[in-house]
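Printed here is data.txt (compact mmCIF, C-alpha atoms):
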```txt
# COMPACT_ATOMS: atom_id res chain seq x y z
CA MET P 93 0.00 0.00 0.00
CA GLU P 94 1.29 3.46 -0.82
CA SER P 95 0.93 6.59 1.28
CA GLY P 96 -0.98 9.63 0.15
CA THR P 97 2.25 10.95 -1.42
CA GLY P 98 2.43 8.04 -3.86
CA ARG P 99 5.43 6.35 -2.20
CA ARG P 100 5.82 3.56 0.31
CA PRO P 101 4.90 4.66 3.84
CA ALA P 102 7.98 4.95 6.06
CA GLY P 103 7.92 3.98 9.72
CA LEU P 104 10.45 4.47 12.54
CA PHE P 105 10.17 1.83 15.26
CA VAL P 106 11.77 2.49 18.65
CA GLY P 107 12.25 -0.13 21.32
CA LEU P 108 13.21 -3.66 22.15
CA CYS P 109 14.99 -6.20 19.97
CA THR P 110 15.67 -9.71 21.25
CA VAL P 111 16.73 -13.15 20.08
CA ASP P 112 13.58 -15.27 20.20
CA VAL P 113 14.17 -19.01 20.70
CA ILE P 114 10.73 -20.56 20.27
CA GLN P 115 9.87 -24.19 21.05
CA LEU P 116 6.55 -25.85 20.21
CA VAL P 117 5.72 -28.28 23.05
CA ASP P 118 2.87 -30.51 24.14
CA ARG P 119 3.04 -28.93 27.60
CA VAL P 120 5.35 -26.77 29.68
CA PRO P 121 7.75 -29.09 31.56
CA GLY P 122 7.78 -29.29 35.34
CA PRO P 123 10.79 -28.93 37.66
CA ASP P 124 13.79 -31.09 36.60
CA GLU P 125 11.80 -32.42 33.63
CA LYS P 126 13.07 -32.63 30.05
CA LEU P 127 10.90 -33.07 26.99
CA THR P 128 11.30 -33.04 23.22
CA ALA P 129 9.83 -30.13 21.30
CA ARG P 130 7.65 -30.72 18.26
CA ASP P 131 9.21 -27.81 16.38
CA GLN P 132 11.63 -24.92 16.86
CA THR P 133 12.34 -21.54 15.32
CA VAL P 134 14.81 -18.74 16.04
CA ALA P 135 14.26 -15.14 14.92
CA ALA P 136 14.70 -11.52 15.88
CA GLY P 137 11.94 -10.61 18.30
CA GLY P 138 10.67 -7.98 20.69
CA PRO P 139 7.65 -5.70 20.21
CA ALA P 140 9.35 -2.99 18.14
CA ALA P 141 11.27 -5.48 16.01
CA ASN P 142 8.24 -7.66 15.25
CA ALA P 143 6.19 -4.57 14.43
CA ALA P 144 8.90 -3.31 12.08
CA VAL P 145 9.07 -6.69 10.32
CA THR P 146 5.29 -6.65 9.88
CA PHE P 147 5.35 -3.06 8.55
CA ALA P 148 8.02 -4.04 6.00
CA HIS P 149 6.15 -7.20 4.99
CA LEU P 150 3.04 -5.14 4.27
CA GLY P 151 5.04 -2.94 1.90
CA GLY P 152 6.37 -0.16 4.12
CA ALA P 153 9.91 1.09 4.58
CA ALA P 154 10.76 0.22 8.19
CA ARG P 155 13.67 1.39 10.33
CA LEU P 156 14.32 0.01 13.83
CA LEU P 157 16.04 2.20 16.45
CA THR P 158 17.25 -0.15 19.17
CA ALA P 159 20.19 -1.86 20.90
CA ILE P 160 21.61 -5.06 19.43
CA GLY P 161 25.42 -5.09 19.63
CA SER P 162 28.24 -7.10 18.03
CA HIS P 163 28.04 -10.41 19.88
CA PRO P 164 27.69 -13.42 17.51
CA LEU P 165 24.04 -13.81 18.54
CA ALA P 166 23.50 -10.13 17.75
CA LEU P 167 24.92 -10.59 14.27
CA ALA P 168 22.29 -13.28 13.65
CA VAL P 169 19.58 -10.85 14.75
CA THR P 170 20.84 -8.15 12.40
CA ALA P 171 20.97 -10.63 9.52
CA ASP P 172 17.41 -11.76 10.21
CA LEU P 173 16.13 -8.19 10.21
CA ASP P 174 18.01 -7.47 6.98
CA ARG P 175 16.33 -10.48 5.34
CA ALA P 176 12.99 -9.12 6.52
CA GLY P 177 13.68 -5.76 4.88
CA VAL P 178 14.13 -3.77 8.11
CA ALA P 179 16.89 -1.13 8.28
CA VAL P 180 18.57 -0.98 11.70
CA SER P 181 20.04 1.92 13.66
CA ASP P 182 21.93 0.10 16.41
CA LEU P 183 22.71 2.33 19.40
CA ALA P 184 24.82 -0.37 21.05
CA VAL P 185 26.79 -1.42 17.98
CA HIS P 186 30.07 -1.82 19.91
CA ALA P 187 28.58 -3.78 22.82
CA THR P 188 30.05 -7.28 23.04
CA ASP P 189 27.65 -8.74 25.62
CA PRO P 190 24.96 -11.14 24.37
CA PRO P 191 21.72 -9.43 23.32
CA ALA P 192 18.51 -9.99 25.25
CA VAL P 193 17.28 -13.54 24.67
CA SER P 194 13.63 -14.56 25.02
CA SER P 195 13.13 -18.24 25.75
CA ILE P 196 9.62 -19.17 24.68
CA MET P 197 7.55 -22.33 24.91
CA VAL P 198 4.30 -22.49 22.94
CA THR P 199 1.76 -25.13 23.97
CA ALA P 200 0.58 -26.87 20.80
CA SER P 201 -2.99 -27.57 21.90
CA THR P 202 -3.83 -23.99 22.95
CA GLY P 203 -1.30 -21.68 21.29
CA GLN P 204 -0.52 -20.13 24.67
CA ARG P 205 3.06 -19.15 25.38
CA ALA P 206 5.38 -19.01 28.36
CA VAL P 207 8.20 -16.44 28.07
CA ALA P 208 11.36 -15.64 30.03
CA SER P 209 13.47 -12.66 28.94
CA THR P 210 15.81 -9.98 30.24
CA ASN P 211 14.13 -7.38 27.98
CA ALA P 212 15.90 -3.99 27.86
CA THR P 213 17.45 -4.03 31.34
CA ALA P 214 21.05 -4.19 30.07
CA HIS P 215 20.97 -0.95 28.06
CA ARG P 216 20.27 2.69 28.79
CA LEU P 217 20.13 4.38 25.42
CA ALA P 218 20.74 8.06 24.70
CA PRO P 219 19.14 9.59 21.59
CA PRO P 220 21.43 9.47 18.54
CA ASP P 221 22.86 12.63 17.01
CA ASP P 222 20.83 12.05 13.86
CA LEU P 223 17.50 11.60 15.65
CA ASP P 224 15.87 14.60 13.95
CA ALA P 225 16.94 13.28 10.54
CA LEU P 226 15.56 9.80 11.31
CA VAL P 227 12.23 11.32 12.33
CA ALA P 228 12.11 13.61 9.31
CA ALA P 229 12.61 10.63 6.99
CA CYS P 230 9.54 8.79 8.28
CA ASP P 231 5.78 9.25 8.13
CA ILE P 232 5.01 7.71 11.51
CA VAL P 233 6.83 6.71 14.72
CA GLN P 234 5.98 3.71 16.88
CA CYS P 235 7.41 3.09 20.37
CA ASP P 236 6.96 -0.06 22.45
CA GLY P 237 7.63 1.54 25.85
CA HIS P 238 11.07 -0.03 26.32
CA HIS P 239 14.16 2.24 26.37
CA THR P 240 11.83 4.93 27.69
CA GLU P 241 14.31 7.83 27.61
CA LEU P 242 15.01 7.16 23.93
CA ALA P 243 11.30 6.63 23.22
CA THR P 244 10.34 9.91 24.89
CA ALA P 245 13.01 11.89 23.03
CA THR P 246 11.93 10.34 19.71
CA ALA P 247 8.23 10.93 20.34
CA ARG P 248 8.95 14.55 21.29
CA ALA P 249 10.94 15.04 18.09
CA ALA P 250 8.14 13.42 16.09
CA ARG P 251 5.55 15.75 17.59
CA ALA P 252 7.73 18.74 16.68
CA ALA P 253 8.06 17.44 13.12
CA GLY P 254 4.33 16.79 12.74
CA ARG P 255 4.64 13.00 12.61
CA VAL P 256 2.00 10.70 14.10
CA THR P 257 3.22 8.80 17.17
CA VAL P 258 1.95 5.34 18.14
CA LEU P 259 2.49 3.50 21.43
CA ASP P 260 2.42 -0.28 21.78
CA ALA P 261 1.47 -0.35 25.46
CA GLY P 262 2.10 -3.91 26.57
CA SER P 263 2.57 -3.13 30.26
CA TRP P 264 2.99 -0.11 32.52
CA LYS P 265 6.72 0.68 32.86
CA PRO P 266 8.82 3.23 34.72
CA GLY P 267 8.83 6.29 32.48
CA THR P 268 5.56 5.52 30.69
CA ARG P 269 3.87 8.55 32.23
CA ASN P 270 6.57 10.84 30.77
CA LEU P 271 6.08 9.30 27.32
CA LEU P 272 2.29 9.57 27.10
CA PRO P 273 2.00 13.35 26.51
CA TRP P 274 3.87 12.89 23.21
CA ILE P 275 1.69 10.01 21.95
CA ASP P 276 -1.16 10.42 19.45
CA VAL P 277 -2.33 6.79 19.28
CA ALA P 278 -2.02 4.22 22.08
CA VAL P 279 -3.14 0.64 21.63
CA CYS P 280 -2.80 -1.32 24.86
CA SER P 281 -2.92 -4.95 25.88
CA ALA P 282 -5.27 -6.08 28.62
CA ASP P 283 -2.15 -6.29 30.84
CA PHE P 284 -1.53 -2.53 30.59
CA HIS P 285 -2.75 -1.12 33.90
CA PRO P 286 -1.90 2.51 34.63
CA PRO P 287 -2.08 3.45 38.33
CA GLY P 288 -5.63 3.34 39.64
CA THR P 289 -7.13 1.48 36.65
CA ARG P 290 -8.82 -1.90 36.55
CA THR P 291 -10.97 -2.09 33.43
CA PRO P 292 -10.43 -1.22 29.75
CA ALA P 293 -12.75 1.76 30.24
CA ASP P 294 -10.52 2.97 33.09
CA THR P 295 -7.46 2.64 30.87
CA LEU P 296 -9.04 4.53 27.98
CA GLY P 297 -10.10 7.31 30.34
CA PHE P 298 -6.63 7.54 31.90
CA LEU P 299 -4.99 7.83 28.49
CA ARG P 300 -7.37 10.61 27.44
CA GLN P 301 -6.44 12.50 30.63
CA GLN P 302 -2.78 12.22 29.62
CA GLY P 303 -3.52 13.81 26.25
CA VAL P 304 -3.61 10.69 24.03
CA ARG P 305 -6.30 11.35 21.43
CA TRP P 306 -6.83 7.88 19.95
CA THR P 307 -6.84 4.85 22.26
CA ALA P 308 -7.71 1.18 22.21
CA VAL P 309 -7.42 -1.91 24.41
CA THR P 310 -6.98 -5.37 22.92
CA GLN P 311 -8.21 -8.44 24.79
CA GLY P 312 -7.02 -11.48 22.85
CA GLY P 313 -9.90 -12.89 20.86
CA GLN P 314 -12.41 -10.52 22.46
CA PRO P 315 -13.49 -7.29 20.73
CA ILE P 316 -11.06 -4.36 20.75
CA GLU P 317 -12.42 -1.40 22.72
CA TRP P 318 -11.52 2.02 21.30
CA ALA P 319 -12.14 5.69 21.99
CA GLY P 320 -11.25 8.96 20.30
CA PRO P 321 -12.47 12.47 19.47
CA GLY P 322 -15.07 11.01 17.12
CA GLY P 323 -16.65 8.64 19.64
CA SER P 324 -16.00 5.14 20.96
CA GLY P 325 -16.92 1.55 20.23
CA THR P 326 -15.62 -1.93 19.59
CA VAL P 327 -13.92 -3.75 16.73
CA GLU P 328 -14.54 -7.46 16.34
CA VAL P 329 -11.55 -9.80 16.17
CA PRO P 330 -11.77 -12.57 13.54
CA VAL P 331 -12.16 -16.10 14.86
CA VAL P 332 -9.37 -18.43 13.71
CA PRO P 333 -7.96 -21.78 14.85
CA VAL P 334 -5.17 -20.64 17.18
CA ALA P 335 -1.76 -22.30 16.77
CA ASP P 336 0.45 -19.68 18.44
CA THR P 337 -0.35 -16.34 20.09
CA LEU P 338 3.31 -15.28 20.35
CA GLY P 339 3.87 -11.84 18.86
CA ALA P 340 0.20 -11.33 17.95
CA GLY P 341 0.09 -7.94 19.65
CA ASP P 342 3.38 -6.88 18.05
CA ILE P 343 2.09 -7.88 14.62
CA LEU P 344 -1.18 -6.04 15.23
CA HIS P 345 0.75 -2.87 16.08
CA GLY P 346 2.96 -3.17 13.01
CA ALA P 347 -0.08 -3.61 10.77
CA LEU P 348 -1.95 -0.78 12.50
CA THR P 349 1.01 1.56 12.09
CA HIS P 350 1.24 0.66 8.40
CA HIS P 351 -2.42 1.41 7.77
CA LEU P 352 -2.24 4.68 9.72
CA ALA P 353 0.87 5.75 7.80
CA ALA P 354 -0.80 5.00 4.48
CA GLY P 355 -3.84 7.15 5.35
CA ARG P 356 -4.22 10.85 4.79
CA GLN P 357 -5.79 12.04 8.04
CA LEU P 358 -6.70 10.27 11.26
CA SER P 359 -10.45 10.17 11.89
CA ALA P 360 -12.81 7.91 13.81
CA GLU P 361 -13.66 6.03 10.63
CA GLY P 362 -10.00 5.73 9.65
CA PHE P 363 -8.98 4.55 13.14
CA VAL P 364 -11.65 1.84 13.15
CA GLN P 365 -10.68 0.72 9.66
CA ALA P 366 -7.01 0.53 10.69
CA LEU P 367 -7.87 -1.47 13.82
CA HIS P 368 -10.00 -3.86 11.78
CA ALA P 369 -7.29 -4.37 9.15
CA ALA P 370 -4.66 -4.89 11.85
CA ALA P 371 -6.84 -7.43 13.66
CA LEU P 372 -7.17 -9.41 10.42
CA VAL P 373 -3.38 -9.57 10.06
CA ALA P 374 -2.79 -10.49 13.72
CA SER P 375 -5.44 -13.20 13.61
CA ARG P 376 -3.86 -14.70 10.51
CA ALA P 377 -0.52 -14.79 12.34
CA CYS P 378 -2.10 -16.69 15.24
CA ALA P 379 -3.03 -19.54 12.92
CA SER P 380 0.61 -20.64 12.43
CA PHE P 381 3.62 -21.40 14.63
CA GLY P 382 6.24 -18.69 15.21
CA THR P 383 6.29 -15.02 14.23
CA ARG P 384 7.24 -15.41 10.55
CA THR P 385 5.35 -18.40 9.08
CA TRP P 386 2.20 -16.36 8.42
CA MET P 387 4.19 -14.25 5.96
CA LEU P 388 4.96 -17.17 3.65
```

Please lay out the structure from this file as structure tokens.
Amino acid sequence: MESGTGRRPAGLFVGLCTVDVIQLVDRVPGPDEKLTARDQTVAAGGPAANAAVTFAHLGGAARLLTAIGSHPLALAVTADLDRAGVAVSDLAVHATDPPAVSSIMVTASTGQRAVASTNATAHRLAPPDDLDALVAACDIVQCDGHHTELATATARAARAAGRVTVLDAGSWKPGTRNLLPWIDVAVCSADFHPPGTRTPADTLGFLRQQGVRWTAVTQGGQPIEWAGPGGSGTVEVPVVPVADTLGAGDILHGALTHHLAAGRQLSAEGFVQALHAAALVASRACASFGTRTWML
């Protein structure tokens, strides 16, 4: 899909990049138990990285601003992103420590996943000198809430440049409150609980109070609840046979960002259409194992 200017939409994705080691199992093993996996896949992962890969797959020009490093595992991550068509600005290019690794077990009968990861705890990233140029080269900026100082600086620069900013709000993190005033669109998981909130309606109201104009809460296979200047409502999620829910939210955000970038102006109708299109993509991804198979 092309943007209103007749070229591919360009997205800047800011946040976490990991090595995802994914095992398909009959069940999660107990203490001191070993079992043989049905299948295995290894790929670059993390919310921002998966969203960038999705954006590129859908025809956009994606750049990922993150920390990867020069460890041998990191080189594999960079190669995987290059194959996926994602340009990388690595702010930890000289780091020799292993990158963050997510160890994931997906239960074959339900598609549910169990994840252990160090996330972004090893890196504190300062904005790059060319941040303004990176923002100017894109149509839209998406942050995943990790590397919050970098995310806030990028979102602030995007606001100054007139670029739409999107937040993938997976969970409430230290620094999230400082990021929210610079966000135009926030789509949250059901696990995102700002202080004092319990329900999706609470979350949507909290985000509006922080100045976020367009908001939504996803709830797995349940309808997406949304609110914005043009009203509020729900978006149905397609029903599919679920093989693997890993990365579904990341993929939804990448698809949403692509559809928003390709549009001319954000409106209630356009936001609902983008949510619906993104839900279709994410649901398709849930029907296959891993975060890449759905693209084949």

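Distances from P:Val207, P:Pro139, P:Pro219, P:Val198 to P:Gly341 were compared using all atoms listed in the file, and the smallest one belongs to P:Pro139.
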
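Note that the spacing between atom CA of P:Val106 and atom CA of P:Ala144 amounts to 9.2 Å.
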
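Close contacts of P:Gln115, defined as residues with an atom at most 7 Å away when counting all atoms listed in the file, with chain neighbours fewer than 4 positions off set aside, comprise Ala129, Asp131, Gln132, Thr133, Ile196, Met197 and Val198 of chain P.
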
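In terms of minimum interatomic distance to P:Arg99, P:Gly152 ranks closest within P:Gly152, P:Gly362, P:Thr240, P:Thr349, counting only C-alpha atoms.
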
Any idea what's packed within 7 Å of P:Thr188, counting all atoms listed in the file, ignoring anything in its chain fewer than 2 positions away? Could you give it as a PDB file with C-alpha atoms, keeping the file's coordinate frame?
```
ATOM      1  CA  GLY P 161      25.420  -5.090  19.630  1.00  0.00           C
ATOM      2  CA  SER P 162      28.240  -7.100  18.030  1.00  0.00           C
ATOM      3  CA  HIS P 163      28.040 -10.410  19.880  1.00  0.00           C
ATOM      4  CA  HIS P 186      30.070  -1.820  19.910  1.00  0.00           C
ATOM      5  CA  PRO P 190      24.960 -11.140  24.370  1.00  0.00           C
TER       6      PRO P 190
END
```

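For the point (-7.3, -0.7, 7.4), the residues with at least one atom inside 9 Å, counting all atoms listed in the file, are Ala347, Leu348, His350, His351, Leu352, Gly355, Gly362, Phe363, Val364, Gln365, Ala366, Leu367, His368, Ala369 and Ala370 of chain P.
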
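Minimum atom-to-atom distance to P:Pro101, evaluated using all atoms listed in the file, belongs to P:Arg155 out of P:Pro321, P:Arg155, P:Val180, P:Ala360.
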
Give me, as a ChimeraX atom specification, all polymer residues having an atom no more than 12 Å from P:Ile114, counting all atoms listed in the file and skipping those fewer than 2 positions away in the same chain. /P:110-112,116-117,129-137,193-200,205-208,336-339,381-384

From the options P:Leu272, P:Ala154, P:Cys235, P:Ala148, which residue's atoms come nearest to P:Leu259, counting all atoms listed in the file? P:Cys235

P:Asp276 proximity check over P:Gly138, P:Gly177, P:Gly303, P:Gly313, using all atoms listed in the file: winner is P:Gly303

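Take the candidates P:Val309, P:Leu271, P:Ala228, P:Leu296 and check each one against P:Arg248 using all atoms listed in the file; the shortest distance goes to P:Leu271.
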
For P:Asp283, list every protein, DNA or RNA residue within 10 Å, evaluated using all atoms listed in the file, and leave out those in the same chain fewer than 4 positions away; present the list as a ChimeraX atom specification. /P:261-264,290,292,309-311

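The space separating atom CA of P:Ser375 from atom CA of P:Phe298 comes to 27.7 Å.
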
If I put a ball of radius 7 Å at (8.9, 0.7, 15.8) in the file's coordinates, which residues poke into it when counting all atoms listed in the file, written as a PyMOL selection string? chain P and resi 103-107+140-141+143-144+156+233-236

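Taking atom CA of P:Ala171 as the reference point, atom CA of P:Pro220 is found at 22.0 Å.
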
Skip P:Ala308 itself and residues of its chain fewer than 2 positions away, then list as a PDB file with C-alpha atoms, in the coordinates of the input all residues within 7 Å of it, counting only C-alpha atoms.
```pdb
ATOM      1  CA  ALA P 278      -2.020   4.220  22.080  1.00  0.00           C
ATOM      2  CA  VAL P 279      -3.140   0.640  21.630  1.00  0.00           C
ATOM      3  CA  CYS P 280      -2.800  -1.320  24.860  1.00  0.00           C
ATOM      4  CA  LEU P 296      -9.040   4.530  27.980  1.00  0.00           C
ATOM      5  CA  THR P 310      -6.980  -5.370  22.920  1.00  0.00           C
ATOM      6  CA  ILE P 316     -11.060  -4.360  20.750  1.00  0.00           C
ATOM      7  CA  GLU P 317     -12.420  -1.400  22.720  1.00  0.00           C
ATOM      8  CA  TRP P 318     -11.520   2.020  21.300  1.00  0.00           C
ATOM      9  CA  ALA P 319     -12.140   5.690  21.990  1.00  0.00           C
TER      10      ALA P 319
END
```
